[in-house]
Amino acid sequence: QPVPVIAIDGPSASGKGTVAERVAAALGWQVLDSGSLYRIVALAAMRAGVALDDEAGVAAVAAALPARFETGRVLLGDDDVTTDIRSEACSSGASRVAVLPAVREALLGRQRDYRSAPGLVADGRDMGSVVFPDAGLKIFLTASVEARAGRRYKQLIEKGLPANMQSLLDDLRERDARDAARPVAPLMKLPDAALLDTTELDVEGAVAFVLDLVRDRG
Ligand code: C5P
């Protein structure tokens with residue numbers, strides 16, 4: 001019996017990371033935030049002076065990535081990069097390196113290694129399509145671009161960081177387009193994925209929706 005997987009895919013800032021974490025905590029399962037891997041690759045490449053469109057160079061960085069996840073912290077070697085990888089430079093850098101097939105290939109085995117008992121909740125863009133196509137439950141978690149930009153705006157303001165609604169909207173639209181239009185592992189709703197639109201639903205509601213599906217299928 002293979003270890004069960006819940007694959008949660010969706011656009012940037014849809015809240016899928018938070019939902020994945022809460023669902024994993026409720027079930028006592030592992031969690032994989034695959035987007036953070038692309039973010040760490042972008043950061044490591046920038047630090048090594050590798051151009052983000054140098055496919056072989058970035059793939060070499062991805063293959064030898066000294067990254068570790070500890071409780072609530074992301075480490076690159078001995079360096080705590082938890083905050084750095086959330087910067088705008090890493091967000092847009094991640095979506096640039098993510099278009100490179102050799103980079104995606106280099107991260108495939110590492111992502112699949114997270115599948116361990118009693119189960120895994122994985123979030124990203126291609127969890128259900130490429131990394132865990134046999135996942136027992138696939139969810140496409142989305143929200144309107146206005147709702148997503150609004151949530152990100154609120155988070156930035158709460159952290160005391162500068163925020164501009166128009167540039168957040170522009171940035172999300174640009175990243176959505178890049179993630180959906182790329183030829184490799186484009187973001188899309190799979191026919192066998194359940195649609196979860198959180199435009200008018202809070203985190204608790206979204207988590208309850210997923211846990212109900214788990215119970216129905218279990
Ligand atoms: O989810 P997050 O916003 O952290 O992901 C950062 C970028 O990494 C995304 O814009 C996307 O281009 C890329 N990504 C991907 N495949 C995944 C997860 C993230 O291409 N499974």
# chains A, B, ... in the order shown; residues from 1 in each chain; ligands from 1
>>> residues_near_ligand(ligand="ligand 1", cutoff="7 Å", atoms="only C-alpha atoms and all ligand atoms", output="ChimeraX atom specification")
/A:12-13,34-36,38-39,91-92,94-96,98-99,123-127,175,179
>>> write_last_selection(atoms="N, CA and C atoms", output="PDB file, in the first residue's frame")
ATOM      1  N   SER A  12      -0.166  31.610  -6.929  1.00  0.00           N
ATOM      2  CA  SER A  12       0.521  32.304  -5.850  1.00  0.00           C
ATOM      3  C   SER A  12      -0.463  32.988  -4.910  1.00  0.00           C
ATOM      4  N   ALA A  13      -0.118  32.974  -3.622  1.00  0.00           N
ATOM      5  CA  ALA A  13      -0.872  33.713  -2.604  1.00  0.00           C
ATOM      6  C   ALA A  13      -2.324  33.268  -2.491  1.00  0.00           C
ATOM      7  N   SER A  34       6.590  22.831  -1.846  1.00  0.00           N
ATOM      8  CA  SER A  34       7.520  22.704  -2.976  1.00  0.00           C
ATOM      9  C   SER A  34       7.976  24.058  -3.507  1.00  0.00           C
ATOM     10  N   GLY A  35       7.131  25.090  -3.369  1.00  0.00           N
ATOM     11  CA  GLY A  35       7.521  26.422  -3.845  1.00  0.00           C
ATOM     12  C   GLY A  35       8.780  26.912  -3.149  1.00  0.00           C
ATOM     13  N   SER A  36       8.939  26.550  -1.865  1.00  0.00           N
ATOM     14  CA  SER A  36      10.121  27.025  -1.150  1.00  0.00           C
ATOM     15  C   SER A  36      11.392  26.431  -1.768  1.00  0.00           C
ATOM     16  N   TYR A  38      11.919  25.939  -5.012  1.00  0.00           N
ATOM     17  CA  TYR A  38      12.244  26.799  -6.154  1.00  0.00           C
ATOM     18  C   TYR A  38      12.795  28.149  -5.674  1.00  0.00           C
ATOM     19  N   ARG A  39      12.254  28.625  -4.549  1.00  0.00           N
ATOM     20  CA  ARG A  39      12.760  29.887  -3.987  1.00  0.00           C
ATOM     21  C   ARG A  39      14.208  29.746  -3.522  1.00  0.00           C
ATOM     22  N   SER A  91      10.767  35.574  -5.021  1.00  0.00           N
ATOM     23  CA  SER A  91       9.475  35.177  -5.601  1.00  0.00           C
ATOM     24  C   SER A  91       9.567  35.184  -7.116  1.00  0.00           C
ATOM     25  N   SER A  92      10.082  36.281  -7.664  1.00  0.00           N
ATOM     26  CA  SER A  92      10.132  36.338  -9.123  1.00  0.00           C
ATOM     27  C   SER A  92      11.266  35.459  -9.645  1.00  0.00           C
ATOM     28  N   ALA A  94      12.163  32.602  -8.349  1.00  0.00           N
ATOM     29  CA  ALA A  94      11.650  31.216  -8.316  1.00  0.00           C
ATOM     30  C   ALA A  94      10.821  30.932  -9.556  1.00  0.00           C
ATOM     31  N   SER A  95       9.966  31.882  -9.933  1.00  0.00           N
ATOM     32  CA  SER A  95       9.112  31.599 -11.091  1.00  0.00           C
ATOM     33  C   SER A  95       9.919  31.620 -12.389  1.00  0.00           C
ATOM     34  N   ARG A  96      11.090  32.261 -12.380  1.00  0.00           N
ATOM     35  CA  ARG A  96      11.965  32.213 -13.573  1.00  0.00           C
ATOM     36  C   ARG A  96      12.715  30.886 -13.664  1.00  0.00           C
ATOM     37  N   ALA A  98      11.783  28.160 -12.401  1.00  0.00           N
ATOM     38  CA  ALA A  98      10.797  27.072 -12.491  1.00  0.00           C
ATOM     39  C   ALA A  98      10.392  26.748 -13.930  1.00  0.00           C
ATOM     40  N   VAL A  99      10.726  27.621 -14.882  1.00  0.00           N
ATOM     41  CA  VAL A  99      10.397  27.319 -16.285  1.00  0.00           C
ATOM     42  C   VAL A  99      11.443  26.390 -16.921  1.00  0.00           C
ATOM     43  N   ASP A 123       2.149  20.896  -1.370  1.00  0.00           N
ATOM     44  CA  ASP A 123       1.537  22.003  -2.098  1.00  0.00           C
ATOM     45  C   ASP A 123       2.485  22.606  -3.118  1.00  0.00           C
ATOM     46  N   GLY A 124       1.915  23.087  -4.224  1.00  0.00           N
ATOM     47  CA  GLY A 124       2.732  23.668  -5.290  1.00  0.00           C
ATOM     48  C   GLY A 124       1.919  23.956  -6.530  1.00  0.00           C
ATOM     49  N   ARG A 125       2.515  23.669  -7.700  1.00  0.00           N
ATOM     50  CA  ARG A 125       1.830  23.897  -8.976  1.00  0.00           C
ATOM     51  C   ARG A 125       1.596  22.586  -9.729  1.00  0.00           C
ATOM     52  N   ASP A 126       2.501  21.626  -9.491  1.00  0.00           N
ATOM     53  CA  ASP A 126       2.467  20.367 -10.267  1.00  0.00           C
ATOM     54  C   ASP A 126       2.500  19.144  -9.366  1.00  0.00           C
ATOM     55  N   MET A 127       1.980  19.286  -8.137  1.00  0.00           N
ATOM     56  CA  MET A 127       2.002  18.148  -7.208  1.00  0.00           C
ATOM     57  C   MET A 127       1.136  17.014  -7.755  1.00  0.00           C
ATOM     58  N   ARG A 175       2.994  36.653 -12.521  1.00  0.00           N
ATOM     59  CA  ARG A 175       3.429  35.311 -12.124  1.00  0.00           C
ATOM     60  C   ARG A 175       2.401  34.253 -12.516  1.00  0.00           C
ATOM     61  N   ASP A 179       3.328  31.084 -14.794  1.00  0.00           N
ATOM     62  CA  ASP A 179       3.132  29.710 -14.300  1.00  0.00           C
ATOM     63  C   ASP A 179       2.170  28.921 -15.188  1.00  0.00           C
TER      64      ASP A 179
END
>>> select_by_dssp(residues="region 38-134 of chain A", states="alpha helix (DSSP H)", output="ChimeraX atom specification")
/A:38-48,55-63,88-97,101-112
>>> write_last_selection(atoms="C-alpha atoms", output="PDB file, in the first residue's frame")
ATOM      1  CA  TYR A  38      12.244  26.799  -6.154  1.00  0.00           C
ATOM      2  CA  ARG A  39      12.760  29.887  -3.987  1.00  0.00           C
ATOM      3  CA  ILE A  40      15.900  28.396  -2.366  1.00  0.00           C
ATOM      4  CA  VAL A  41      17.280  27.428  -5.786  1.00  0.00           C
ATOM      5  CA  ALA A  42      16.773  31.002  -7.018  1.00  0.00           C
ATOM      6  CA  LEU A  43      18.486  32.412  -3.921  1.00  0.00           C
ATOM      7  CA  ALA A  44      21.402  29.949  -4.099  1.00  0.00           C
ATOM      8  CA  ALA A  45      21.885  30.684  -7.816  1.00  0.00           C
ATOM      9  CA  MET A  46      21.854  34.454  -7.250  1.00  0.00           C
ATOM     10  CA  ARG A  47      24.368  34.100  -4.410  1.00  0.00           C
ATOM     11  CA  ALA A  48      26.615  31.924  -6.585  1.00  0.00           C
ATOM     12  CA  GLU A  55      19.608  26.183 -17.399  1.00  0.00           C
ATOM     13  CA  ALA A  56      22.625  23.899 -16.864  1.00  0.00           C
ATOM     14  CA  GLY A  57      24.096  26.228 -14.236  1.00  0.00           C
ATOM     15  CA  VAL A  58      20.872  26.554 -12.213  1.00  0.00           C
ATOM     16  CA  ALA A  59      20.195  22.790 -12.532  1.00  0.00           C
ATOM     17  CA  ALA A  60      23.654  22.103 -11.064  1.00  0.00           C
ATOM     18  CA  VAL A  61      22.811  24.416  -8.155  1.00  0.00           C
ATOM     19  CA  ALA A  62      19.465  22.588  -7.684  1.00  0.00           C
ATOM     20  CA  ALA A  63      21.086  19.137  -7.774  1.00  0.00           C
ATOM     21  CA  GLU A  88      10.150  39.790  -4.024  1.00  0.00           C
ATOM     22  CA  ALA A  89      13.499  38.966  -5.669  1.00  0.00           C
ATOM     23  CA  CYS A  90      13.168  35.312  -4.648  1.00  0.00           C
ATOM     24  CA  SER A  91       9.475  35.177  -5.601  1.00  0.00           C
ATOM     25  CA  SER A  92      10.132  36.338  -9.123  1.00  0.00           C
ATOM     26  CA  GLY A  93      13.448  34.449  -9.294  1.00  0.00           C
ATOM     27  CA  ALA A  94      11.650  31.216  -8.316  1.00  0.00           C
ATOM     28  CA  SER A  95       9.112  31.599 -11.091  1.00  0.00           C
ATOM     29  CA  ARG A  96      11.965  32.213 -13.573  1.00  0.00           C
ATOM     30  CA  VAL A  97      14.021  29.129 -12.630  1.00  0.00           C
ATOM     31  CA  PRO A 101      12.990  21.635 -17.383  1.00  0.00           C
ATOM     32  CA  ALA A 102      16.429  20.555 -16.092  1.00  0.00           C
ATOM     33  CA  VAL A 103      15.813  22.435 -12.836  1.00  0.00           C
ATOM     34  CA  ARG A 104      12.408  20.777 -12.346  1.00  0.00           C
ATOM     35  CA  GLU A 105      13.984  17.406 -13.109  1.00  0.00           C
ATOM     36  CA  ALA A 106      16.762  18.016 -10.563  1.00  0.00           C
ATOM     37  CA  LEU A 107      14.157  18.679  -7.831  1.00  0.00           C
ATOM     38  CA  LEU A 108      11.907  15.719  -8.621  1.00  0.00           C
ATOM     39  CA  GLY A 109      13.589  13.037  -6.488  1.00  0.00           C
ATOM     40  CA  ARG A 110      14.034  15.400  -3.573  1.00  0.00           C
ATOM     41  CA  GLN A 111      10.306  16.187  -3.572  1.00  0.00           C
ATOM     42  CA  ARG A 112       9.300  12.519  -3.795  1.00  0.00           C
TER      43      ARG A 112
END
>>> residues_around(residues="Lys189 (chain A)", least_positions_apart="6", cutoff="10 Å", atoms="only C-alpha atoms", output="ChimeraX atom specification")
/A:9-10,125-126,128-129,138-142,195
>>> select_by_dssp(residues="region 116-176 of chain A", states="strand (DSSP E)", output="PyMOL selection string")
chain A and resi 120-124+137-142
>>> write_last_selection(atoms="C-alpha atoms", output="JSON list (two decimals), in the first residue's frame")
[["chain", "number", "residue", "atom", "x", "y", "z"],
["A", 120, "LEU", "CA", 2.13, 13.62, 2.96],
["A", 121, "VAL", "CA", 0.37, 16.89, 2.17],
["A", 122, "ALA", "CA", 2.23, 18.56, -0.72],
["A", 123, "ASP", "CA", 1.54, 22.00, -2.10],
["A", 124, "GLY", "CA", 2.73, 23.67, -5.29],
["A", 137, "LEU", "CA", -6.74, 13.37, -3.24],
["A", 138, "LYS", "CA", -6.00, 16.30, -5.56],
["A", 139, "ILE", "CA", -7.17, 19.83, -4.84],
["A", 140, "PHE", "CA", -6.99, 22.95, -6.98],
["A", 141, "LEU", "CA", -7.00, 25.78, -4.47],
["A", 142, "THR", "CA", -7.59, 29.22, -5.92]]
>>> atom_distance(atom1="CA of Thr18 (chain A)", atom2="CA of Arg148 (chain A)")
13.2 Å
>>> atom_distance(atom1="CA of Thr83 (chain A)", atom2="CA of Asp171 (chain A)")
19.1 Å
>>> residues_around(residues="Asn164 (chain A)", least_positions_apart="3", cutoff="12 Å", atoms="only C-alpha atoms", output="list in words")
Ala149, Gly150, Arg152, Tyr153, Lys154, Gln155, Leu156, Ile157, Leu161, Ser167, Leu168, Leu169, Asp170 and Asp171 of chain A
>>> write_last_selection(atoms="C-alpha atoms", output="JSON list (two decimals), in the first residue's frame")
[["chain", "number", "residue", "atom", "x", "y", "z"],
["A", 149, "ALA", "CA", -3.46, 40.59, -3.58],
["A", 150, "GLY", "CA", -5.62, 41.88, -0.72],
["A", 152, "ARG", "CA", -0.80, 39.71, 0.73],
["A", 153, "TYR", "CA", -1.30, 43.46, 1.25],
["A", 154, "LYS", "CA", -2.68, 42.82, 4.74],
["A", 155, "GLN", "CA", 0.23, 40.48, 5.63],
["A", 156, "LEU", "CA", 2.82, 43.07, 4.56],
["A", 157, "ILE", "CA", 1.11, 45.89, 6.48],
["A", 161, "LEU", "CA", 6.56, 46.34, 5.49],
["A", 167, "SER", "CA", 2.08, 46.53, -7.77],
["A", 168, "LEU", "CA", 0.92, 43.43, -5.86],
["A", 169, "LEU", "CA", -1.86, 42.94, -8.41],
["A", 170, "ASP", "CA", 0.52, 43.45, -11.33],
["A", 171, "ASP", "CA", 3.05, 41.04, -9.85]]
>>> residues_around(residues="region 75-80 of chain A", least_positions_apart="4", cutoff="8 Å", atoms="only C-alpha atoms", output="ChimeraX atom specification")
/A:40,44,65-70
